[in-house]
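File shown: start.txt. Contents: compact mmCIF, C-alpha atoms and all ligand atoms.
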# COMPACT_ATOMS: atom_id res chain seq x y z
CA MET J 1 113.52 -13.62 219.12
CA ALA J 2 115.58 -11.56 221.58
CA TYR J 3 117.57 -8.73 220.08
CA ARG J 4 120.33 -6.89 221.89
CA VAL J 5 121.44 -3.32 221.36
CA ARG J 6 124.82 -2.05 222.47
CA SER J 7 127.61 0.13 221.17
CA CYS J 8 130.27 -1.47 218.96
CA ARG J 9 133.48 -2.74 220.52
CA THR J 10 135.62 -3.57 217.50
CA LEU J 11 136.18 -2.32 213.99
CA GLU J 12 134.71 -5.57 212.72
CA GLU J 13 131.44 -4.82 214.52
CA TRP J 14 131.68 -1.26 213.27
CA GLY J 15 131.85 -2.45 209.65
CA GLN J 16 128.82 -4.70 210.09
CA ALA J 17 126.74 -2.01 211.79
CA VAL J 18 127.43 0.50 209.01
CA ALA J 19 126.80 -2.15 206.38
CA ALA J 20 123.09 -2.07 207.38
CA ILE J 21 122.56 1.39 205.88
CA GLY J 22 125.15 0.55 203.22
CA HIS J 23 122.91 -2.30 202.07
CA TYR J 24 120.37 0.21 200.73
CA ALA J 25 123.00 1.96 198.64
CA GLY J 26 124.73 -1.18 197.40
CA TRP J 27 127.77 -0.25 199.49
CA VAL J 28 129.87 -2.55 201.64
CA PRO J 29 132.61 -0.60 203.42
CA THR J 30 136.13 -1.81 202.67
CA GLU J 31 138.61 -2.38 205.48
CA GLU J 32 140.32 0.89 204.61
CA GLN J 33 137.01 2.77 204.63
CA VAL J 34 136.11 1.28 208.00
CA GLU J 35 139.43 2.38 209.48
CA GLN J 36 139.14 5.89 208.10
CA PHE J 37 135.49 6.46 208.92
CA ALA J 38 135.96 5.07 212.43
CA GLU J 39 138.46 7.91 213.03
CA LEU J 40 135.47 10.24 212.82
CA LEU J 41 132.91 7.95 214.40
CA PRO J 42 134.61 5.73 216.99
CA PRO J 43 133.03 2.34 217.73
CA GLU J 44 131.70 3.45 221.11
CA ARG J 45 129.57 6.09 219.35
CA LEU J 46 128.00 3.58 216.99
CA HIS J 47 125.15 1.42 218.30
CA ALA J 48 124.50 -1.97 216.77
CA VAL J 49 121.53 -4.28 217.07
CA PHE J 50 122.37 -7.98 217.34
CA ASP J 51 120.26 -10.92 216.30
CA GLY J 52 122.25 -13.69 217.96
CA GLN J 53 125.80 -13.15 216.76
CA SER J 54 124.77 -11.19 213.66
CA ILE J 55 124.55 -7.44 213.48
CA VAL J 56 121.39 -6.39 211.66
CA GLY J 57 121.30 -2.63 212.23
CA GLY J 58 123.35 0.39 213.21
CA ALA J 59 122.96 4.00 214.36
CA GLY J 60 125.87 6.40 214.91
CA ALA J 61 126.35 9.74 216.66
CA PHE J 62 129.24 12.04 215.71
CA ASP J 63 130.81 14.09 218.47
CA PHE J 64 129.97 17.54 217.09
CA ARG J 65 130.30 21.09 218.35
CA MET J 66 127.37 22.86 216.76
CA SER J 67 126.80 26.59 216.46
CA VAL J 68 123.51 27.74 217.98
CA PRO J 69 122.42 31.37 218.36
CA GLY J 70 125.27 33.12 220.17
CA ALA J 71 127.10 29.95 221.29
CA VAL J 72 128.61 26.61 220.36
CA VAL J 73 127.30 23.45 222.08
CA PRO J 74 128.20 19.75 222.13
CA CYS J 75 125.86 17.94 219.77
CA SER J 76 125.28 14.34 218.87
CA GLY J 77 125.33 14.24 215.06
CA VAL J 78 123.11 11.27 214.25
CA THR J 79 124.26 9.33 211.21
CA VAL J 80 124.37 5.96 209.37
CA VAL J 81 120.99 4.82 210.71
CA GLY J 82 119.84 1.58 209.12
CA VAL J 83 118.19 -1.77 209.76
CA LEU J 84 118.59 -4.62 207.27
CA PRO J 85 115.48 -5.34 205.17
CA THR J 86 115.39 -8.84 206.70
CA HIS J 87 114.60 -7.23 210.09
CA ARG J 88 112.50 -4.18 209.25
CA ARG J 89 109.42 -3.11 211.21
CA ARG J 90 110.16 -5.10 214.35
CA GLY J 91 110.93 -2.09 216.49
CA LEU J 92 114.72 -2.28 216.05
CA LEU J 93 115.15 1.34 215.00
CA SER J 94 113.17 2.38 218.09
CA ARG J 95 115.43 0.23 220.25
CA MET J 96 118.53 1.88 218.80
CA MET J 97 117.08 5.37 219.13
CA ARG J 98 116.33 4.61 222.78
CA ALA J 99 119.90 3.44 223.47
CA GLN J 100 121.41 6.31 221.51
CA LEU J 101 119.37 9.02 223.21
CA ASP J 102 120.13 7.60 226.66
CA ALA J 103 123.85 7.52 225.83
CA THR J 104 123.74 11.10 224.52
CA HIS J 105 121.95 12.22 227.67
CA GLU J 106 124.49 10.46 229.90
CA ARG J 107 127.38 12.07 228.04
CA GLY J 108 125.80 15.46 228.71
CA GLU J 109 125.39 16.53 225.08
CA PRO J 110 122.44 18.93 225.28
CA ILE J 111 121.29 18.57 221.67
CA ALA J 112 121.24 16.02 218.87
CA ALA J 113 120.84 16.80 215.19
CA LEU J 114 120.42 14.90 211.95
CA TYR J 115 119.54 15.04 208.29
CA ALA J 116 116.64 12.71 207.57
CA SER J 117 116.38 10.84 204.31
CA GLU J 118 112.92 9.77 205.54
CA GLU J 119 111.34 12.81 207.17
CA THR J 120 108.42 10.78 208.57
CA ILE J 121 110.59 8.88 211.04
CA TYR J 122 112.25 11.09 213.61
CA GLY J 123 109.41 13.16 215.09
CA ARG J 124 108.42 10.21 217.27
CA TYR J 125 111.87 10.35 218.87
CA GLY J 126 111.59 14.08 219.65
CA TYR J 127 113.38 15.57 216.63
CA GLY J 128 111.82 18.75 215.24
CA LEU J 129 112.46 20.23 211.82
CA ALA J 130 114.85 23.09 212.63
CA SER J 131 116.02 24.45 209.28
CA LEU J 132 115.18 24.41 205.61
CA ARG J 133 117.54 24.07 202.71
CA GLN J 134 117.23 25.45 199.23
CA LYS J 135 118.13 23.63 196.08
CA VAL J 136 118.89 25.64 192.98
CA SER J 137 119.12 24.42 189.42
CA LEU J 138 119.62 26.96 186.67
CA THR J 139 120.64 26.79 183.05
CA GLY J 140 124.06 28.23 182.31
CA ASP J 141 122.80 30.72 179.74
CA ARG J 142 120.43 32.32 182.28
CA ALA J 143 123.00 32.57 185.04
CA ALA J 144 124.06 36.20 185.18
CA LEU J 145 124.56 38.59 188.04
CA SER J 146 121.96 41.30 188.38
CA TYR J 147 122.19 44.69 186.73
CA GLY J 148 124.28 47.07 188.78
CA THR J 149 126.46 44.42 190.46
CA PRO J 150 129.88 46.01 191.03
CA LEU J 151 132.71 44.90 188.75
CA ARG J 152 134.83 41.94 189.70
CA ALA J 153 137.06 42.32 192.73
CA GLY J 154 140.16 40.19 193.21
CA SER J 155 140.66 36.86 191.45
CA VAL J 156 139.97 33.15 191.75
CA ARG J 157 142.61 30.42 191.58
CA LEU J 158 142.20 26.66 191.26
CA VAL J 159 144.38 25.27 194.02
CA ASP J 160 145.51 21.77 194.93
CA LYS J 161 144.18 19.81 197.88
CA ASP J 162 147.07 20.82 200.14
CA GLU J 163 146.50 24.51 199.61
CA ALA J 164 142.75 23.99 200.05
CA ARG J 165 143.50 22.26 203.34
CA ARG J 166 145.58 25.24 204.48
CA THR J 167 143.12 27.95 203.47
CA PHE J 168 139.53 26.64 203.43
CA PRO J 169 139.11 25.69 207.11
CA ARG J 170 139.79 29.23 208.28
CA LEU J 171 137.16 30.63 205.91
CA TYR J 172 134.70 27.96 206.97
CA ASP J 173 135.29 28.79 210.62
CA ARG J 174 134.53 32.44 210.06
CA VAL J 175 131.08 31.55 208.74
CA ARG J 176 130.62 28.74 211.24
CA ARG J 177 131.05 30.88 214.34
CA THR J 178 128.07 33.06 213.55
CA THR J 179 125.79 30.64 211.71
CA PRO J 180 123.52 28.32 213.71
CA GLY J 181 123.60 24.77 212.36
CA PHE J 182 127.28 24.74 211.32
CA PHE J 183 129.42 22.15 213.08
CA ALA J 184 133.15 22.40 213.74
CA ARG J 185 135.23 20.23 211.39
CA SER J 186 138.31 18.50 212.72
CA GLY J 187 141.43 18.16 210.57
CA ASP J 188 140.46 14.53 209.96
CA TRP J 189 137.02 15.62 208.85
CA TRP J 190 138.50 17.95 206.25
CA ASP J 191 140.97 15.29 205.07
CA LEU J 192 138.71 12.27 205.05
CA ARG J 193 135.39 13.81 204.13
CA ARG J 194 135.13 17.32 202.82
CA LEU J 195 138.26 17.53 200.71
CA ALA J 196 138.51 13.84 199.85
CA ASP J 197 138.02 12.94 196.21
CA SER J 198 137.37 9.22 196.16
CA ALA J 199 136.15 7.34 193.10
CA GLU J 200 132.79 6.59 194.83
CA SER J 201 132.15 10.22 195.69
CA ARG J 202 132.67 11.23 192.04
CA GLY J 203 129.74 9.25 190.68
CA ASP J 204 129.44 10.17 187.01
CA ALA J 205 131.27 13.47 187.50
CA GLY J 206 134.90 14.49 187.19
CA PRO J 207 137.41 15.32 189.91
CA LEU J 208 136.74 17.60 192.83
CA ASN J 209 137.87 21.15 192.08
CA TYR J 210 139.11 23.48 194.79
CA ALA J 211 138.63 27.17 193.93
CA LEU J 212 139.97 29.93 196.14
CA ALA J 213 138.88 33.57 195.79
CA GLU J 214 141.33 36.23 196.94
CA ILE J 215 141.25 39.98 197.19
CA ASP J 216 144.61 41.72 197.62
CA ASP J 217 146.17 38.25 198.16
CA ARG J 218 143.81 37.62 201.07
CA PRO J 219 141.54 34.52 200.90
CA VAL J 220 137.89 35.62 201.02
CA ALA J 221 135.93 32.62 199.73
CA TYR J 222 136.18 29.09 198.39
CA ALA J 223 134.20 26.63 196.35
CA LEU J 224 134.24 22.86 195.97
CA TYR J 225 132.69 21.67 192.73
CA ARG J 226 132.65 18.96 190.10
CA ILE J 227 131.72 18.97 186.44
CA ALA J 228 129.87 16.09 184.79
CA GLN J 229 129.30 15.68 181.09
CA LYS J 230 127.25 13.29 179.05
CA GLU J 231 126.30 13.02 175.42
CA GLU J 232 122.64 13.44 174.58
CA ASP J 233 120.82 13.50 171.24
CA ALA J 234 121.23 17.26 171.08
CA GLY J 235 124.96 17.09 171.88
CA TRP J 236 127.06 17.28 175.02
CA LYS J 237 125.39 18.33 178.26
CA ARG J 238 127.58 19.61 181.06
CA ARG J 239 126.53 20.06 184.64
CA LEU J 240 128.26 21.98 187.40
CA HIS J 241 127.72 20.45 190.84
CA ILE J 242 128.47 22.99 193.53
CA ILE J 243 129.26 21.01 196.63
CA GLU J 244 130.09 23.90 198.92
CA ALA J 245 130.67 27.60 198.26
CA LEU J 246 131.38 29.85 201.22
CA GLY J 247 132.37 33.49 201.45
CA ALA J 248 133.82 34.87 204.66
CA ASP J 249 132.10 38.18 203.94
CA THR J 250 129.73 39.86 201.48
CA LEU J 251 132.40 40.49 198.88
CA GLY J 252 133.80 36.98 199.10
CA THR J 253 130.35 35.45 198.66
CA ARG J 254 129.65 37.61 195.63
CA GLU J 255 133.00 36.86 193.97
CA ILE J 256 132.88 33.10 194.42
CA TRP J 257 129.35 32.97 193.03
CA ARG J 258 130.34 35.23 190.13
CA PHE J 259 133.09 32.74 189.32
CA LEU J 260 130.74 29.75 189.53
CA LEU J 261 127.96 31.33 187.46
CA GLU J 262 130.34 32.43 184.70
CA ILE J 263 132.11 29.14 183.94
CA ASP J 264 131.86 28.51 180.19
CA TRP J 265 130.25 25.46 178.54
CA ILE J 266 127.98 24.71 181.49
CA HIS J 267 124.35 23.89 180.68
CA GLU J 268 123.12 23.41 184.20
CA ILE J 269 124.32 24.66 187.57
CA ARG J 270 123.20 22.83 190.69
CA ALA J 271 123.60 23.49 194.40
CA SER J 272 121.52 21.75 196.99
CA LEU J 273 122.42 22.93 200.48
CA LEU J 274 121.83 26.67 200.54
CA PRO J 275 120.14 28.40 203.47
CA VAL J 276 116.81 30.20 203.02
CA ASP J 277 118.48 33.61 203.40
CA HIS J 278 121.35 33.02 200.96
CA PRO J 279 122.22 36.24 199.09
CA LEU J 280 122.26 34.41 195.75
CA PHE J 281 118.58 35.23 195.25
CA HIS J 282 119.47 38.94 195.26
CA LEU J 283 122.70 38.55 193.32
CA VAL J 284 121.34 36.95 190.17
CA ALA J 285 119.62 38.80 187.35
CA ARG J 286 116.80 36.25 187.11
CA PRO J 287 115.78 34.92 190.53
CA ASP J 288 113.04 32.81 188.94
CA SER J 289 115.57 30.93 186.87
CA LEU J 290 117.14 29.57 190.06
CA ASN J 291 114.20 27.13 190.16
CA LEU J 292 114.31 27.24 193.93
CA ARG J 293 113.13 24.14 195.67
CA THR J 294 112.81 24.05 199.44
CA GLU J 295 113.44 20.86 201.38
CA THR J 296 113.89 19.88 204.98
CA GLY J 297 117.30 20.66 206.47
CA LEU J 298 118.45 19.86 209.98
CA TRP J 299 116.28 18.14 212.55
CA VAL J 300 117.13 19.05 216.12
CA ARG J 301 116.35 17.28 219.37
CA LEU J 302 116.76 18.98 222.72
CA VAL J 303 118.29 16.11 224.69
CA ASP J 304 118.39 18.20 227.85
CA VAL J 305 115.87 21.03 227.61
CA GLY J 306 117.31 23.03 230.52
CA ALA J 307 120.94 22.80 229.35
CA ALA J 308 120.10 23.38 225.69
CA LEU J 309 117.95 26.45 226.30
CA SER J 310 120.47 27.87 228.79
CA ALA J 311 123.34 27.41 226.32
CA ARG J 312 122.05 29.69 223.55
CA LYS J 313 121.68 33.47 223.59
CA TYR J 314 118.45 35.42 223.17
CA ALA J 315 117.39 38.63 221.47
CA ALA J 316 115.34 39.94 224.42
CA ASP J 317 115.03 39.06 228.08
CA ALA J 318 111.27 38.82 228.61
CA ARG J 319 110.11 35.95 230.80
CA VAL J 320 108.38 32.98 229.17
CA THR J 321 107.19 29.80 230.86
CA PHE J 322 106.84 26.66 228.75
CA GLU J 323 105.09 23.42 229.56
CA VAL J 324 107.01 20.80 227.61
CA ALA J 325 105.81 17.31 226.69
CA ASP J 326 108.46 14.72 225.86
CA PRO J 327 107.25 11.11 225.89
CA PHE J 328 110.58 9.76 224.53
CA GLY J 329 112.73 11.84 226.92
CA PRO J 330 110.61 11.98 230.08
CA TRP J 331 113.36 13.77 232.04
CA ASN J 332 112.53 16.88 229.97
CA ALA J 333 108.81 16.88 230.64
CA GLY J 334 107.39 19.62 232.85
CA THR J 335 107.40 23.35 233.21
CA TRP J 336 110.41 25.53 232.42
CA THR J 337 110.83 29.27 232.81
CA LEU J 338 113.19 31.17 230.54
CA GLU J 339 114.33 34.47 232.00
CA GLY J 340 117.38 36.38 230.90
CA ASP J 341 119.71 33.77 229.48
CA THR J 342 118.83 31.00 231.90
CA VAL J 343 116.19 28.36 232.02
CA ARG J 344 114.98 26.68 235.17
CA ARG J 345 112.35 24.20 236.19
CA SER J 346 109.44 26.21 237.45
CA ARG J 347 106.14 26.15 239.32
CA ARG J 348 104.71 29.08 237.43
CA ARG J 349 101.61 28.84 235.31
CA ALA J 350 102.68 27.99 231.75
CA ASP J 351 102.38 30.68 229.07
CA LEU J 352 102.82 28.15 226.29
CA ARG J 353 102.41 24.42 225.95
CA LEU J 354 104.33 22.51 223.30
CA GLY J 355 106.09 19.26 222.52
CA VAL J 356 109.85 18.93 222.59
CA THR J 357 109.75 18.60 218.78
CA ALA J 358 108.29 22.11 218.42
CA LEU J 359 110.93 23.44 220.80
CA GLY J 360 113.56 21.77 218.61
CA SER J 361 112.05 23.54 215.60
CA ALA J 362 112.35 26.93 217.30
CA TYR J 363 115.76 26.34 218.87
CA LEU J 364 118.09 27.46 216.06
CA GLY J 365 115.77 30.29 215.03
CA GLY J 366 114.55 28.56 211.86
CA PHE J 367 110.87 28.68 212.79
CA SER J 368 108.91 31.16 214.88
CA PHE J 369 106.45 30.27 217.62
CA ARG J 370 103.81 32.06 215.57
CA GLU J 371 104.39 29.64 212.67
CA LEU J 372 104.39 26.67 215.01
CA ALA J 373 101.24 27.88 216.78
CA ALA J 374 99.52 28.36 213.41
CA ALA J 375 100.25 24.69 212.72
CA GLY J 376 98.72 23.76 216.08
CA LEU J 377 102.09 22.77 217.56
CA VAL J 378 102.11 25.45 220.27
CA GLU J 379 99.21 26.34 222.56
CA GLU J 380 99.04 29.83 224.03
CA PHE J 381 97.67 30.13 227.59
CA SER J 382 98.45 33.76 228.36
CA ARG J 383 97.66 36.48 225.89
CA GLY J 384 100.68 37.71 223.90
CA ALA J 385 102.88 34.81 225.00
CA VAL J 386 103.56 33.63 221.44
CA ALA J 387 104.68 37.13 220.44
CA ARG J 388 106.78 37.41 223.60
CA ALA J 389 108.46 34.07 222.91
CA ASP J 390 109.14 35.21 219.35
CA ALA J 391 110.75 38.42 220.60
CA VAL J 392 113.00 36.37 222.89
CA PHE J 393 113.91 33.78 220.23
CA ALA J 394 114.17 36.34 217.38
CA PRO J 395 117.19 35.70 215.13
CA ILE J 396 120.43 37.25 216.34
CA GLY J 397 122.29 36.18 213.21
CA PRO J 398 121.66 34.45 209.91
CA ALA J 399 119.10 31.72 209.31
CA PRO J 400 120.20 28.24 210.38
CA TRP J 401 122.35 26.50 207.80
CA CYS J 402 124.21 23.22 207.78
CA PRO J 403 126.19 23.06 204.54
CA GLU J 404 126.93 19.35 204.65
CA ILE J 405 124.82 16.22 204.96
CA PHE J 406 126.40 13.97 207.58
C1 LIG J 501 114.04 3.32 208.22
C2 LIG J 501 114.54 2.12 209.00
C3 LIG J 501 115.79 2.52 209.79
C4 LIG J 501 113.43 1.70 209.97
O1 LIG J 501 113.90 0.66 210.79
P1 LIG J 501 112.85 -0.37 211.50
O2 LIG J 501 113.63 -1.18 212.46
O3 LIG J 501 112.07 -1.04 210.45
O4 LIG J 501 111.93 0.66 212.27
P2 LIG J 501 111.00 0.29 213.53
O5 LIG J 501 110.37 -1.05 213.32
O6 LIG J 501 111.75 0.48 214.79
O7 LIG J 501 109.91 1.41 213.40
C5 LIG J 501 109.81 2.47 214.30
C6 LIG J 501 108.66 3.34 213.87
O8 LIG J 501 109.02 4.04 212.69
C7 LIG J 501 108.08 3.76 211.65
N1 LIG J 501 108.85 3.68 210.42
C8 LIG J 501 109.87 2.85 210.19
N2 LIG J 501 110.36 3.07 208.95
C9 LIG J 501 109.62 4.04 208.41
C10 LIG J 501 109.66 4.69 207.16
N3 LIG J 501 110.54 4.38 206.22
N4 LIG J 501 108.75 5.66 206.92
C11 LIG J 501 107.84 5.98 207.87
N5 LIG J 501 107.77 5.39 209.09
C12 LIG J 501 108.66 4.44 209.35
C13 LIG J 501 107.45 2.45 212.04
O9 LIG J 501 106.18 2.31 211.48
C14 LIG J 501 107.39 2.56 213.55
O10 LIG J 501 106.29 3.40 213.90
P3 LIG J 501 105.57 3.29 215.34
O11 LIG J 501 106.57 3.81 216.35
O12 LIG J 501 104.40 4.18 215.19
O13 LIG J 501 105.27 1.85 215.56
C15 LIG J 501 114.88 0.94 208.09
O14 LIG J 501 113.74 0.55 207.39
C16 LIG J 501 115.97 1.28 207.10
O15 LIG J 501 117.12 1.05 207.39
N6 LIG J 501 115.60 1.86 205.93
C17 LIG J 501 116.55 2.24 204.91
C18 LIG J 501 117.57 3.24 205.40
C19 LIG J 501 116.93 4.48 206.01
O16 LIG J 501 115.94 5.01 205.53
N7 LIG J 501 117.53 4.93 207.12
C20 LIG J 501 117.07 6.12 207.78
C21 LIG J 501 117.81 7.22 207.21
S1 LIG J 501 117.29 8.77 207.77

As a first step, turn the structure in this file into structure tokens.
Amino acid sequence: MAYRVRSCRTLEEWGQAVAAIGHYAGWVPTEEQVEQFAELLPPERLHAVFDGQSIVGGAGAFDFRMSVPGAVVPCSGVTVVGVLPTHRRRGLLSRMMRAQLDATHERGEPIAALYASEETIYGRYGYGLASLRQKVSLTGDRAALSYGTPLRAGSVRLVDKDEARRTFPRLYDRVRRTTPGFFARSGDWWDLRRLADSAESRGDAGPLNYALAEIDDRPVAYALYRIAQKEEDAGWKRRLHIIEALGADTLGTREIWRFLLEIDWIHEIRASLLPVDHPLFHLVARPDSLNLRTETGLWVRLVDVGAALSARKYAADARVTFEVADPFGPWNAGTWTLEGDTVRRSRRRADLRLGVTALGSAYLGGFSFRELAAAGLVEEFSRGAVARADAVFAPIGPAPWCPEIF
């Protein structure tokens, strides 16, 4: 059977391509959902695989601007990847990944990024694990700020969606600019995704709450959260789902978390997309009661090694020469020298040899070359090269963090 892969041309095709991943969640997009979602992911950025006239799989790529150390770069935000169960394990995902990577390369987007619901899949296409995320789950009665935390500053107001729309994006952007892994949100993104409160997104919880923290009438932080309650044998259980809580500075972060931790009647507080260096661990009285669980975060692929490495900034300007293997993106394979802030193809003897996946893991600063070498993912040819590469790639800001699964 001959299958064809191409990008979608109509909204009808769009709906069918997204329905492939939707199948696994029991979700068939309505006409209205197709129209809205296609505002964010236009048909030409969604690949479909055809079996005759039928679409049996889809793979999309948002047009992101992603923060990387010291810069913001175009990034293909890979999303809604699915193949119908009737067509699994026939190489259709690989065909779509091929077409998508080629299209990304042609458009000149130097990196691609994704959240993987199956972390075994994407390494073969050159994606490396680039950040970790922390999940916290603590019982309400153990959620207190640590001894010595300064008294409350400012106040928190519950605002409506319009006021959230006016105030939250600016706070988000302040964090975004300096945090690798954040992507810029368009107005449509805020309206249709982050601030939207559809019946499906509620699940068994109540409405989306928009909380704004202010100090001297100046917005400093916000939180998006829902509360769910259910009756159990022992009585009512109430859970606070923190969807996003961001402070534009230290004080803002502390005050929004104080607010969230102190809400009455809550038995369990959950947040699932915190970075590994989130200050919460130091803010709470009982760090153990956070029940921290670490999971994979963003996966990053350097689509164009030279452009991607030249786009970010570095902590030191030592020279390092990498020999890069990239079977799925052969245009990247070969030897590259990083010197100052630029990267060029090179004839020098390599200091380090690694796959493009390991380079993707190091790119945002989430993993060091020492860690990657210890796992056998980086080979050192000249003495001290791993340490030198780590000095060059050392963090120049916070740990990578992407606060939203896309
Ligand atoms: C995961 C999914 C997209 C795979 O599609 P597919 O067309 O069956 O994949 P392919 O046949 O192209 O397989 C490509 C490779 O990935 C491997 N693979 C596929 N699905 C896998 C899975 N769930 N776990 C581990 N490996 C997987 C295949 O074994 C194959 O390996 P190979 O290159 O060594 O031969 C499809 O099964 C699906 O839609 N699943 C549910 C939704 C989902 O998980 N989407 C991905 C979200 S991140």

**Request:** Collect all residues with atoms no farther than 10 Å from ligand LIG 501 (chain J), counting all atoms listed in the file, and output them as a VMD selection string.
**Result:** chain J and resid 20 to 25 49 56 to 59 78 to 97 114 to 125

Take the residues that were just selected and, keeping C-alpha atoms, output them as a PDB file, keeping the file's coordinate frame.
ATOM      1  CA  ALA J  20     123.090  -2.070 207.380  1.00  0.00           C
ATOM      2  CA  ILE J  21     122.560   1.390 205.880  1.00  0.00           C
ATOM      3  CA  GLY J  22     125.150   0.550 203.220  1.00  0.00           C
ATOM      4  CA  HIS J  23     122.910  -2.300 202.070  1.00  0.00           C
ATOM      5  CA  TYR J  24     120.370   0.210 200.730  1.00  0.00           C
ATOM      6  CA  ALA J  25     123.000   1.960 198.640  1.00  0.00           C
ATOM      7  CA  VAL J  49     121.530  -4.280 217.070  1.00  0.00           C
ATOM      8  CA  VAL J  56     121.390  -6.390 211.660  1.00  0.00           C
ATOM      9  CA  GLY J  57     121.300  -2.630 212.230  1.00  0.00           C
ATOM     10  CA  GLY J  58     123.350   0.390 213.210  1.00  0.00           C
ATOM     11  CA  ALA J  59     122.960   4.000 214.360  1.00  0.00           C
ATOM     12  CA  VAL J  78     123.110  11.270 214.250  1.00  0.00           C
ATOM     13  CA  THR J  79     124.260   9.330 211.210  1.00  0.00           C
ATOM     14  CA  VAL J  80     124.370   5.960 209.370  1.00  0.00           C
ATOM     15  CA  VAL J  81     120.990   4.820 210.710  1.00  0.00           C
ATOM     16  CA  GLY J  82     119.840   1.580 209.120  1.00  0.00           C
ATOM     17  CA  VAL J  83     118.190  -1.770 209.760  1.00  0.00           C
ATOM     18  CA  LEU J  84     118.590  -4.620 207.270  1.00  0.00           C
ATOM     19  CA  PRO J  85     115.480  -5.340 205.170  1.00  0.00           C
ATOM     20  CA  THR J  86     115.390  -8.840 206.700  1.00  0.00           C
ATOM     21  CA  HIS J  87     114.600  -7.230 210.090  1.00  0.00           C
ATOM     22  CA  ARG J  88     112.500  -4.180 209.250  1.00  0.00           C
ATOM     23  CA  ARG J  89     109.420  -3.110 211.210  1.00  0.00           C
ATOM     24  CA  ARG J  90     110.160  -5.100 214.350  1.00  0.00           C
ATOM     25  CA  GLY J  91     110.930  -2.090 216.490  1.00  0.00           C
ATOM     26  CA  LEU J  92     114.720  -2.280 216.050  1.00  0.00           C
ATOM     27  CA  LEU J  93     115.150   1.340 215.000  1.00  0.00           C
ATOM     28  CA  SER J  94     113.170   2.380 218.090  1.00  0.00           C
ATOM     29  CA  ARG J  95     115.430   0.230 220.250  1.00  0.00           C
ATOM     30  CA  MET J  96     118.530   1.880 218.800  1.00  0.00           C
ATOM     31  CA  MET J  97     117.080   5.370 219.130  1.00  0.00           C
ATOM     32  CA  LEU J 114     120.420  14.900 211.950  1.00  0.00           C
ATOM     33  CA  TYR J 115     119.540  15.040 208.290  1.00  0.00           C
ATOM     34  CA  ALA J 116     116.640  12.710 207.570  1.00  0.00           C
ATOM     35  CA  SER J 117     116.380  10.840 204.310  1.00  0.00           C
ATOM     36  CA  GLU J 118     112.920   9.770 205.540  1.00  0.00           C
ATOM     37  CA  GLU J 119     111.340  12.810 207.170  1.00  0.00           C
ATOM     38  CA  THR J 120     108.420  10.780 208.570  1.00  0.00           C
ATOM     39  CA  ILE J 121     110.590   8.880 211.040  1.00  0.00           C
ATOM     40  CA  TYR J 122     112.250  11.090 213.610  1.00  0.00           C
ATOM     41  CA  GLY J 123     109.410  13.160 215.090  1.00  0.00           C
ATOM     42  CA  ARG J 124     108.420  10.210 217.270  1.00  0.00           C
ATOM     43  CA  TYR J 125     111.870  10.350 218.870  1.00  0.00           C
TER      44      TYR J 125
END

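Here CA of Leu372 (chain J) is placed at a distance of 13.0 Å from CA of Ala385 (chain J).
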
**Item:** Residue nearest Arg293 (chain J) among J:Val136, J:Val72, J:Leu101, J:Leu352 (counting all atoms listed in the file)
**Value:** J:Val136

**Item:** Within 9 Å of His105 (chain J) using only C-alpha atoms, minus same-chain residues under 6 positions, as number ranges by chain
**Value:** J: 111, 303-304

**Request:** Using all atoms listed in the file, give me every residue within 12 Å of (113.2, 24.6, 217.1) in file coordinates, as number ranges by chain.
**Result:** J: 68-69, 111-113, 126-132, 180-181, 298-302, 305, 308-309, 354-369, 371-372, 377-378, 390, 393-395, 400

Excluding Asp188 (chain J) and residues on its chain fewer than 4 positions from it, collect all residues at most 9 Å away from it, counting all atoms listed in the file, and give them as a compact mmCIF listing (two decimals) with C-alpha atoms, keeping the file's coordinate frame.
# COMPACT_ATOMS: atom_id res chain seq x y z
CA GLN J 36 139.14 5.89 208.10
CA GLU J 39 138.46 7.91 213.03
CA LEU J 40 135.47 10.24 212.82
CA LEU J 192 138.71 12.27 205.05
CA ARG J 193 135.39 13.81 204.13

Could I get the residues of region 255-339 of chain J with an atom no further than 9 Å from an atom of region 223-226 of chain J, each paired with its nearest atom pair and that distance in Å to one decimal, using all atoms listed in the file, sorted by chain and residue number, as a Markdown table?
| residue | atom | partner | partner_atom | distance |
| --- | --- | --- | --- | --- |
| J:Ile256 | CA | J:Ala223 | CA | 6.9 |
| J:Trp257 | CA | J:Ala223 | CA | 8.6 |
| J:Leu260 | CA | J:Ala223 | CA | 8.3 |

**Request:** Find the spatial neighbours of Glu268 (chain J), counting all atoms listed in the file, within a cut-off of 6 Å - ignore same-chain residues fewer than 2 positions away - and output them as a PyMOL selection string.
**Result:** chain J and resi 138-140+239+266

**Item:** Which residue of J:Thr335, J:Ser310, J:Ser382, J:Gln134 approaches Pro275 (chain J) most closely, using only C-alpha atoms
**Value:** J:Gln134

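With CA of Val284 (chain J) on one side and CA of Ala143 (chain J) on the other, the separation reads 6.9 Å.
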
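Non-sequential neighbours of Ala221 (chain J) (distance at most 7 Å, separation of 4 or more positions within a chain, all atoms listed in the file) are Leu171, Leu212, Ala213, Leu246, Gly247, Ala248, Gly252, Thr253 and Ile256 of chain J.
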
Okay, now the selection with C-alpha atoms, as a CSV table (one decimal), keeping the file's coordinate frame?
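result.csv written:
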chain,number,residue,atom,x,y,z
J,171,LEU,CA,137.2,30.6,205.9
J,212,LEU,CA,140.0,29.9,196.1
J,213,ALA,CA,138.9,33.6,195.8
J,246,LEU,CA,131.4,29.8,201.2
J,247,GLY,CA,132.4,33.5,201.4
J,248,ALA,CA,133.8,34.9,204.7
J,252,GLY,CA,133.8,37.0,199.1
J,253,THR,CA,130.4,35.4,198.7
J,256,ILE,CA,132.9,33.1,194.4
